[in-house]
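Down below is the structure, laid out as structure tokens.
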There are 6 protein chains.
Amino acid sequence: MVKKGKFDLKIVREKLNSSLLSDVLDGMGIRHQCLVKGIRPTYPGAVVVGLAHTMLMVDIHEPEQDTFKLQLEGIDALKKDDLMVVASNGSTSAALWGELLSTAARCRGATGAVIDGLARDIRQIEEMKFPVFAVGFRPISSKGRVVAVGYGCRIKCGDVYVEEGDLVVGDIDGVTIVPDTAVEEAVDRALERANSERVTRKELLAGAKLSEVYAKYGTI
Amino acid sequence: MVKKGKFDLKIVREKLNSSLLSDVLDGMGIRHQCLVKGIRPTYPGAVVVGLAHTMLMVDIHEPEQDTFKLQLEGIDALKKDDLMVVASNGSTSAALWGELLSTAARCRGATGAVIDGLARDIRQIEEMKFPVFAVGFRPISSKGRVVAVGYGCRIKCGDVYVEEGDLVVGDIDGVTIVPDTAVEEAVDRALERANSERVTRKELLAGAKLSEVYAKYGTI
Amino acid sequence: MVKKGKFDLKIVREKLNSSLLSDVLDGMGIRHQCLVKGIRPTYPGAVVVGLAHTMLMVDIHEPEQDTFKLQLEGIDALKKDDLMVVASNGSTSAALWGELLSTAARCRGATGAVIDGLARDIRQIEEMKFPVFAVGFRPISSKGRVVAVGYGCRIKCGDVYVEEGDLVVGDIDGVTIVPDTAVEEAVDRALERANSERVTRKELLAGAKLSEVYAKYGTI
Amino acid sequence: MVKKGKFDLKIVREKLNSSLLSDVLDGMGIRHQCLVKGIRPTYPGAVVVGLAHTMLMVDIHEPEQDTFKLQLEGIDALKKDDLMVVASNGSTSAALWGELLSTAARCRGATGAVIDGLARDIRQIEEMKFPVFAVGFRPISSKGRVVAVGYGCRIKCGDVYVEEGDLVVGDIDGVTIVPDTAVEEAVDRALERANSERVTRKELLAGAKLSEVYAKYGTI
Amino acid sequence: MVKKGKFDLKIVREKLNSSLLSDVLDGMGIRHQCLVKGIRPTYPGAVVVGLAHTMLMVDIHEPEQDTFKLQLEGIDALKKDDLMVVASNGSTSAALWGELLSTAARCRGATGAVIDGLARDIRQIEEMKFPVFAVGFRPISSKGRVVAVGYGCRIKCGDVYVEEGDLVVGDIDGVTIVPDTAVEEAVDRALERANSERVTRKELLAGAKLSEVYAKYGTI
Amino acid sequence: MVKKGKFDLKIVREKLNSSLLSDVLDGMGIRHQCLVKGIRPTYPGAVVVGLAHTMLMVDIHEPEQDTFKLQLEGIDALKKDDLMVVASNGSTSAALWGELLSTAARCRGATGAVIDGLARDIRQIEEMKFPVFAVGFRPISSKGRVVAVGYGCRIKCGDVYVEEGDLVVGDIDGVTIVPDTAVEEAVDRALERANSERVTRKELLAGAKLSEVYAKYGTI
């Protein structure tokens, strides 16, 4: 896969974070890339970095309907360095992710999951250290309640458009989506910005006023 | 009390959890038993297991009204293995539970509290290790703000009907209500299901695809 | 500054908390002083105690507009024992507080920040142990998104009116605002109340029923 | 179609309404049959009476996706006395119904539409006197925005389960769903109840107190 | 009743409205007297003017519970020139007002009803020209669903405190509560203000700029 | 002003509407131009067509602050064919528009107002036939409650970006914003589309199935 050759996921994991990437995307004029505040790490310290593998789900109300077929097929399609990203049109009826799906996803090479919906088996997921972000928790199975309507498609997750292959970086501050086409430039810029922030911090720690630093550098 | 003879609360505490019980209730056709996502443990690791002792409260706006009489009488009525379950019609005006009520409830033999409303004294409650679930926290006393309108009645807590004596099991995944009439069967089934999940997990860890496991067992 | 002479912030920090102060304000007939439940510590154990330095912000939609000038001027105006209190009319578009602002505020002598809006750089803020309360987190910069419209003014933060110089006390239970004019009496009363609660607790631990204690003391 | 032989839709239209049917369903122990308050007539005087033909839709975010195929097939399947009932998982992104769909539906024999979502072409719909109920209005086409995921299935519309063939009666008070299996008895009971209300009204108009009437008849 | 002697309800009905009264209450420093926007006339042209007779209701979940006794007693207690004002803690489960209650209330001399909750029988209520304001409509009876917990008490309706005997004035702009103690002065001031607005309107119609009028009179 | 020479507002008023313009903007790839559903005509039949004159307002909480100066200056700046468009960051605290502002705006040549907030004096506004769209009504003056922070700027109104000079077309279906740069093409296309819809309608009225029409024309 050529795209993954374009930048180094390992460097992203070690040196960057959601806020740095958001700042440089702003500078590139790409301004709506951070998920809404409600999609949170399911355990302290969970960090997600990976290439989006998208899925769209929706609540149904036929308890006997087979809700697993397409969903499981979509999860089985995960590849190395992929990150599952699930949109659900605001479903709160059931958990769309849990321990067994985490186990299967990790075996395919996936690095985590971002669920714009609910999850369960949170204690086990923390023990596995498989990073999952979600809107909340509920003990209910999605069986007969929520069905996949597609995967690999463009979705709206946490109010941000996500496409298959976009870089996703999530940590305690939230989740930033870096569009596939902007990844290389964004990563380069973010590495630089990490350096310039160190200068600002040092001056502030030395007692400089914010207005002075702003006058000097034109930003904070 | 005959009902508590029907099953062993100790086994529920040690072997089961909210998700396992939700799954087996689904299998029994009892499908609306998990509280909404917003009712959460007030400290990490809090787990509630007990028999519901219900109370319904409501906001009032006469600061001088005696709001304690019926509420305290209802809490004093708690018995061994009971769990306080409070509905409040969405009250966010004051804390409906705190350290002193926890202290009194524990002395009566209660195992915890599930509050569809706010709580306070959260640091002290954690120190006591008295498990309380709530919608959120606020430092305000309920005195002159929220009054009990009844206890021992059928309530709607977290969008689920709860009756006096129902089994309540809550943990990090959320809270499941097992109706009194279904308790024995649900507990038996859940113990079995804990075993079958071990098999599935093992196959997935060995690299099986989800679709394969689903084809083999008809579920995940 | 005379006001700070009237009571000892150190004693407030060591002996009081948001719930005790809320209870005594109730007793003084000052009944709407606790922020709504959604404004929470950004890390476990964060406690804020200080004198409010207020700011009002608002979302704008001109990416090129200078959104920093007045905001930075307002933060530079922080003095010893001040606490930044920011209202934002429900903004969730960007983080209104982060590591660099925390660094600058601490250098001015500020003791923390209460943001009725979002924050970022949460890991770094926890490492600094600079206590910040916020509604949530998002990695997005406020640059070109949210602008200060004034500081030092009367604001509505978490549904409570806050004026420059009010005492703010926040902990895991939430945040209580003590109006400047009521501070001395409230602090004195709260120190007394801390004692009387010890008596009640002791009687409950000895097995007294809540109704008995209530009949005896007229409160809980 | 046998079912329509079991009762007379014309009598329902002329003599009954949503409130009478809700009251008799209550009396039969069928208690969750009225849609939430937000689904309203799109023009004054609009009344819907018909047999539910259900559809489930969901927001998608691929502008180029064909969103019409299944939806149009489902509408083309409408039969005489059917009423289109559309659930959308809270979609507010586009209008799911308009003038052209109304025109086509009427040509198939449909009596109206109940949309748990948005509609448009409201002036023309009023001119046609084709009764449509909806959550609100927006000028946006659903093309490339909202897609049908099934029709003829059990849906949840306005928080009520609706199945193909259920009787739907909507007017200014709201919309009541009469399950197919309860229709005959409910219609018979409602015709009787319309009579008994006349007696109560007469006594109240003659000056009787509500408490007296309640003591006499055991209801109001 | 002395209070009604203090001012003339007929003049309020003929010359004043909710906006004029709100403006003069502002001028008297009484600033939180208008209900939230969601409480609306149930039919075009409905206007309520009367003295508040308050009731507090709450959702319950015991279908067999007698929910009528206290409610009907409270309605039977309505007197000439009273206006029923019902708070419900956000109930949307059932209609708290309808045709039969309107009929009974009018026979007691009541001038209308303001319901912070739902209503039904809207067509009949319009035909009776009994002015009712409500949050919305639903065909469901409150029987076994919503119970009165008191009447004649201080309530919070539409986010405003209302006490027995306060003057209530509602029209298409909304509903203003004039506290009993401020009625005489507010009515006098409002009659004057109606005159001064005529001058401003005339100048604007003659082409004056708003800034000019504001500079001249110090208000708009 | 050259822009108004580019197309004829009179033709827009007579031949087009919000839905036709939304459809053609979709076809031009401009897809987020319709305000959210909650911004509605304040009286039946109100239609707004004009060039946006924008204003941003925000709630403040200093009753003595002069909130009128900038707001009135901004309204006085309205020119012929302008339409006032006000964003307020979700303010529901007071009415941002009323009869006197309508009177002044009409004298300047304005054609109406779209308020993403509340309005009052609705009966008088209807009598004047000055078309105003708003989120709701409340009798409260904005004096000392809501202040303008700018006008002529880019705002977000009803979740859509609006710039000074954009064409705004609102009717019972909602409000569509046509960006200044797309106006000429959009108006031309909309006039054509009005014709092609007539053909579709005719075929449907003649009994064609929707699927047939869709197969034939590739759209509905």
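Each chain in the structure tokens gets a letter, A, B, ..., in the order shown, and its residues are numbered from 1; ligands are numbered from 1 in order too.
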
Using only C-alpha atoms, what table do you get, as a Markdown table, when you list each residue of segment 20-88 of chain B with an atom no more than 12 Å from segment 143-153 of chain E, its nearest pair of atoms, and their distance in Å rounded to one decimal, rows by chain then rising number?
```
| residue | atom | partner | partner_atom | distance |
| --- | --- | --- | --- | --- |
| B:Leu56 | CA | E:Val149 | CA | 11.9 |
| B:Met57 | CA | E:Val149 | CA | 10.8 |
| B:Val58 | CA | E:Val149 | CA | 9.1 |
| B:Asp59 | CA | E:Val149 | CA | 10.6 |
| B:Ile60 | CA | E:Cys153 | CA | 9.2 |
| B:His61 | CA | E:Cys153 | CA | 8.3 |
| B:Glu62 | CA | E:Cys153 | CA | 7.4 |
| B:Pro63 | CA | E:Cys153 | CA | 11.1 |
| B:Glu64 | CA | E:Cys153 | CA | 11.3 |
| B:Gln65 | CA | E:Cys153 | CA | 10.0 |
```

**For Gly109 of chain F: contacts at 8 Å, only C-alpha atoms, fewer than 2 positions along chain excluded, given as a PyMOL selection string** = chain F and resi 78-82+105-107+111

**Request:** Find the residues of chain D in contact range of chain E, meaning any atom within 7 Å when counting only C-alpha atoms, and list them as a PyMOL selection string.
**Result:** chain D and resi 18-19+22-23+34+37+172-174+201+204-205+207+209-211

Let's have the selection written as a compact mmCIF listing (two decimals), in the first residue's frame, with N, CA and C atoms.
```txt
# COMPACT_ATOMS: atom_id res chain seq x y z
N SER D 18 -57.53 10.51 17.32
CA SER D 18 -56.35 9.93 17.96
C SER D 18 -56.52 9.78 19.47
N SER D 19 -57.22 10.71 20.12
CA SER D 19 -57.37 10.66 21.58
C SER D 19 -58.32 9.56 22.02
N SER D 22 -56.50 6.31 21.67
CA SER D 22 -55.48 6.14 22.71
C SER D 22 -56.13 5.71 24.02
N ASP D 23 -57.26 6.33 24.36
CA ASP D 23 -57.92 5.99 25.62
C ASP D 23 -58.37 4.53 25.65
N CYS D 34 -48.80 6.24 21.16
CA CYS D 34 -48.90 7.60 20.59
C CYS D 34 -47.51 8.15 20.30
N LYS D 37 -44.48 14.14 20.72
CA LYS D 37 -45.18 15.38 20.38
C LYS D 37 -44.67 16.07 19.12
N ILE D 172 -54.89 16.87 14.95
CA ILE D 172 -54.20 17.96 15.64
C ILE D 172 -53.64 17.54 16.99
N ASP D 173 -54.26 16.53 17.64
CA ASP D 173 -53.77 16.07 18.95
C ASP D 173 -52.51 15.22 18.84
N GLY D 174 -52.24 14.65 17.67
CA GLY D 174 -51.09 13.78 17.50
C GLY D 174 -51.46 12.52 16.74
N ARG D 201 -69.47 15.35 29.73
CA ARG D 201 -69.42 16.75 29.30
C ARG D 201 -70.69 17.49 29.72
N LEU D 204 -70.70 18.21 33.44
CA LEU D 204 -69.76 19.28 33.79
C LEU D 204 -70.34 20.63 33.37
N LEU D 205 -70.94 20.65 32.16
CA LEU D 205 -71.54 21.91 31.69
C LEU D 205 -72.67 22.34 32.61
N GLY D 207 -72.53 22.13 35.67
CA GLY D 207 -71.94 22.67 36.90
C GLY D 207 -71.38 21.64 37.86
N LYS D 209 -68.89 19.27 39.80
CA LYS D 209 -67.47 19.33 40.05
C LYS D 209 -66.80 18.09 39.47
N LEU D 210 -65.53 18.22 39.11
CA LEU D 210 -64.80 17.07 38.57
C LEU D 210 -64.76 15.94 39.60
N SER D 211 -64.56 16.27 40.86
CA SER D 211 -64.48 15.24 41.90
C SER D 211 -65.78 14.45 41.99
```

**Request:** Could you tell me which of B:Leu167, B:Met84, B:Val162, B:Leu9 comes closest to Val132 of chain B if we count only C-alpha atoms?
**Result:** B:Met84

**Message:** If you run DSSP on the backbone here, which positions in segment 87-126 of chain A get helix (DSSP H, G or I)? Please write them as an MDAnalysis selection string.
**Reply:** chainID A and resid 99:108 122:126

**Request:** Assign secondary structure with DSSP using the backbone only, and return the residues of chain B in strand (DSSP E) as a ChimeraX atom specification.
**Result:** /B:40-41,48-59,82-87,113-115,118-119,132-134,136-137,146-151,155-157,160-162,167-171,174-178

Write the residues of the preceding selection, restricted to N, CA and C atoms, as a compact mmCIF listing (two decimals), in the first residue's frame.
```txt
# COMPACT_ATOMS: atom_id res chain seq x y z
N ARG B 40 -23.60 6.42 35.74
CA ARG B 40 -22.25 5.88 35.77
C ARG B 40 -21.74 5.66 37.20
N PRO B 41 -20.77 4.75 37.37
CA PRO B 41 -20.11 4.59 38.67
C PRO B 41 -19.53 5.94 39.11
N VAL B 48 -22.20 -2.43 41.62
CA VAL B 48 -23.39 -2.60 42.46
C VAL B 48 -24.09 -3.91 42.13
N VAL B 49 -24.43 -4.66 43.17
CA VAL B 49 -25.22 -5.88 43.04
C VAL B 49 -26.17 -5.89 44.22
N GLY B 50 -27.48 -5.97 43.95
CA GLY B 50 -28.42 -5.99 45.06
C GLY B 50 -29.85 -6.05 44.55
N LEU B 51 -30.78 -6.05 45.52
CA LEU B 51 -32.20 -6.11 45.19
C LEU B 51 -32.78 -4.71 45.31
N ALA B 52 -33.45 -4.26 44.25
CA ALA B 52 -33.90 -2.87 44.19
C ALA B 52 -34.85 -2.50 45.32
N HIS B 53 -34.52 -1.39 45.99
CA HIS B 53 -35.47 -0.72 46.88
C HIS B 53 -35.69 0.64 46.23
N THR B 54 -36.88 0.85 45.70
CA THR B 54 -37.12 1.98 44.79
C THR B 54 -37.63 3.22 45.50
N MET B 55 -37.33 4.37 44.90
CA MET B 55 -37.86 5.65 45.40
C MET B 55 -38.06 6.58 44.21
N LEU B 56 -39.15 7.36 44.27
CA LEU B 56 -39.41 8.38 43.25
C LEU B 56 -39.33 9.75 43.89
N MET B 57 -38.52 10.64 43.30
CA MET B 57 -38.37 11.99 43.83
C MET B 57 -38.75 13.02 42.75
N VAL B 58 -38.98 14.25 43.18
CA VAL B 58 -39.34 15.30 42.22
C VAL B 58 -38.89 16.65 42.77
N ASP B 59 -38.46 17.53 41.86
CA ASP B 59 -38.08 18.90 42.23
C ASP B 59 -39.28 19.68 42.76
N ASP B 82 -30.34 -5.11 50.00
CA ASP B 82 -31.07 -4.13 49.17
C ASP B 82 -30.09 -3.17 48.51
N LEU B 83 -30.57 -2.58 47.42
CA LEU B 83 -29.81 -1.54 46.72
C LEU B 83 -30.78 -0.40 46.51
N MET B 84 -30.43 0.79 46.92
CA MET B 84 -31.31 1.95 46.73
C MET B 84 -31.35 2.31 45.25
N VAL B 85 -32.53 2.45 44.67
CA VAL B 85 -32.68 2.88 43.27
C VAL B 85 -33.62 4.07 43.25
N VAL B 86 -33.09 5.23 42.84
CA VAL B 86 -33.85 6.47 42.93
C VAL B 86 -34.10 7.05 41.53
N ALA B 87 -35.37 7.28 41.22
CA ALA B 87 -35.73 8.02 40.00
C ALA B 87 -36.11 9.43 40.40
N ALA B 113 -26.10 2.18 45.80
CA ALA B 113 -27.20 3.04 45.35
C ALA B 113 -27.05 3.35 43.87
N VAL B 114 -28.18 3.40 43.17
CA VAL B 114 -28.23 3.81 41.76
C VAL B 114 -29.17 4.99 41.69
N ILE B 115 -28.62 6.16 41.33
CA ILE B 115 -29.37 7.41 41.38
C ILE B 115 -29.55 7.95 39.97
N LEU B 118 -28.37 13.40 40.62
CA LEU B 118 -27.02 13.79 41.02
C LEU B 118 -26.64 13.28 42.41
N ALA B 119 -25.33 13.29 42.68
CA ALA B 119 -24.82 12.90 43.99
C ALA B 119 -23.73 13.89 44.40
N VAL B 132 -21.85 3.77 44.50
CA VAL B 132 -22.96 4.62 44.10
C VAL B 132 -22.82 4.90 42.61
N PHE B 133 -23.93 4.75 41.88
CA PHE B 133 -23.98 5.17 40.47
C PHE B 133 -24.86 6.41 40.39
N ALA B 134 -24.48 7.36 39.51
CA ALA B 134 -25.26 8.59 39.40
C ALA B 134 -25.07 9.20 38.02
N GLY B 136 -24.46 12.45 37.62
CA GLY B 136 -23.46 13.50 37.71
C GLY B 136 -23.38 13.99 39.14
N PHE B 137 -22.60 15.05 39.33
CA PHE B 137 -22.31 15.53 40.67
C PHE B 137 -22.65 17.02 40.76
N VAL B 146 -35.72 18.92 46.49
CA VAL B 146 -36.20 17.68 45.86
C VAL B 146 -36.85 16.84 46.95
N VAL B 147 -38.03 16.31 46.67
CA VAL B 147 -38.79 15.60 47.70
C VAL B 147 -39.17 14.20 47.19
N ALA B 148 -39.20 13.24 48.10
CA ALA B 148 -39.67 11.90 47.73
C ALA B 148 -41.19 11.93 47.60
N VAL B 149 -41.73 11.32 46.54
CA VAL B 149 -43.18 11.21 46.44
C VAL B 149 -43.65 9.78 46.71
N GLY B 150 -42.71 8.88 46.91
CA GLY B 150 -43.09 7.50 47.23
C GLY B 150 -41.87 6.60 47.23
N TYR B 151 -42.00 5.44 47.88
CA TYR B 151 -40.92 4.44 47.80
C TYR B 151 -41.55 3.06 47.77
N ILE B 155 -40.88 2.26 39.35
CA ILE B 155 -40.34 3.53 38.85
C ILE B 155 -39.75 3.32 37.46
N LYS B 156 -39.43 4.43 36.81
CA LYS B 156 -38.68 4.38 35.56
C LYS B 156 -37.35 5.05 35.85
N CYS B 157 -36.30 4.26 35.81
CA CYS B 157 -34.96 4.74 36.16
C CYS B 157 -34.06 4.51 34.95
N VAL B 160 -35.70 2.56 32.16
CA VAL B 160 -36.08 1.15 32.37
C VAL B 160 -37.02 1.08 33.57
N TYR B 161 -38.07 0.29 33.47
CA TYR B 161 -38.96 0.08 34.61
C TYR B 161 -38.26 -0.78 35.65
N VAL B 162 -38.30 -0.36 36.90
CA VAL B 162 -37.70 -1.11 38.00
C VAL B 162 -38.75 -1.31 39.07
N LEU B 167 -33.46 -7.70 40.65
CA LEU B 167 -32.00 -7.78 40.81
C LEU B 167 -31.35 -6.68 39.95
N VAL B 168 -30.43 -5.95 40.55
CA VAL B 168 -29.72 -4.88 39.84
C VAL B 168 -28.24 -5.22 39.84
N VAL B 169 -27.63 -5.21 38.65
CA VAL B 169 -26.20 -5.49 38.54
C VAL B 169 -25.56 -4.38 37.71
N GLY B 170 -24.65 -3.63 38.32
CA GLY B 170 -24.03 -2.51 37.61
C GLY B 170 -22.52 -2.54 37.74
N ASP B 171 -21.85 -2.21 36.66
CA ASP B 171 -20.39 -2.13 36.66
C ASP B 171 -19.97 -1.11 35.61
N GLY B 174 -22.26 -0.50 32.62
CA GLY B 174 -23.59 0.06 32.83
C GLY B 174 -24.37 -0.77 33.83
N VAL B 175 -25.69 -0.62 33.81
CA VAL B 175 -26.54 -1.26 34.82
C VAL B 175 -27.65 -2.06 34.14
N THR B 176 -27.77 -3.34 34.53
CA THR B 176 -28.82 -4.21 34.00
C THR B 176 -29.80 -4.55 35.12
N ILE B 177 -31.09 -4.46 34.80
CA ILE B 177 -32.16 -4.79 35.74
C ILE B 177 -32.71 -6.17 35.37
N VAL B 178 -32.65 -7.11 36.29
CA VAL B 178 -33.21 -8.44 36.04
C VAL B 178 -34.53 -8.53 36.80
```

**Request:** Could you tell me how far atom CA of Val36 of chain A lies from atom CA of Asp159 of chain A, in Å and to one decimal?
**Result:**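 Interatomic distance here is 6.4 Å.
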
**Message:** What does the structure give for the distance between atom CA of Gly112 of chain C and atom CA of Asp26 of chain A, in Å to one decimal?
**Reply:**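 Atom-to-atom, atom CA of Gly112 of chain C to atom CA of Asp26 of chain A, that is 28.0 Å.
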
**Request:** Tell me, in Å to one decimal, how far atom CA of Asp116 of chain E is from atom CA of Tyr214 of chain D.
**Result:**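 Straight-line distance from atom CA of Asp116 of chain E to atom CA of Tyr214 of chain D works out to 24.2 Å.
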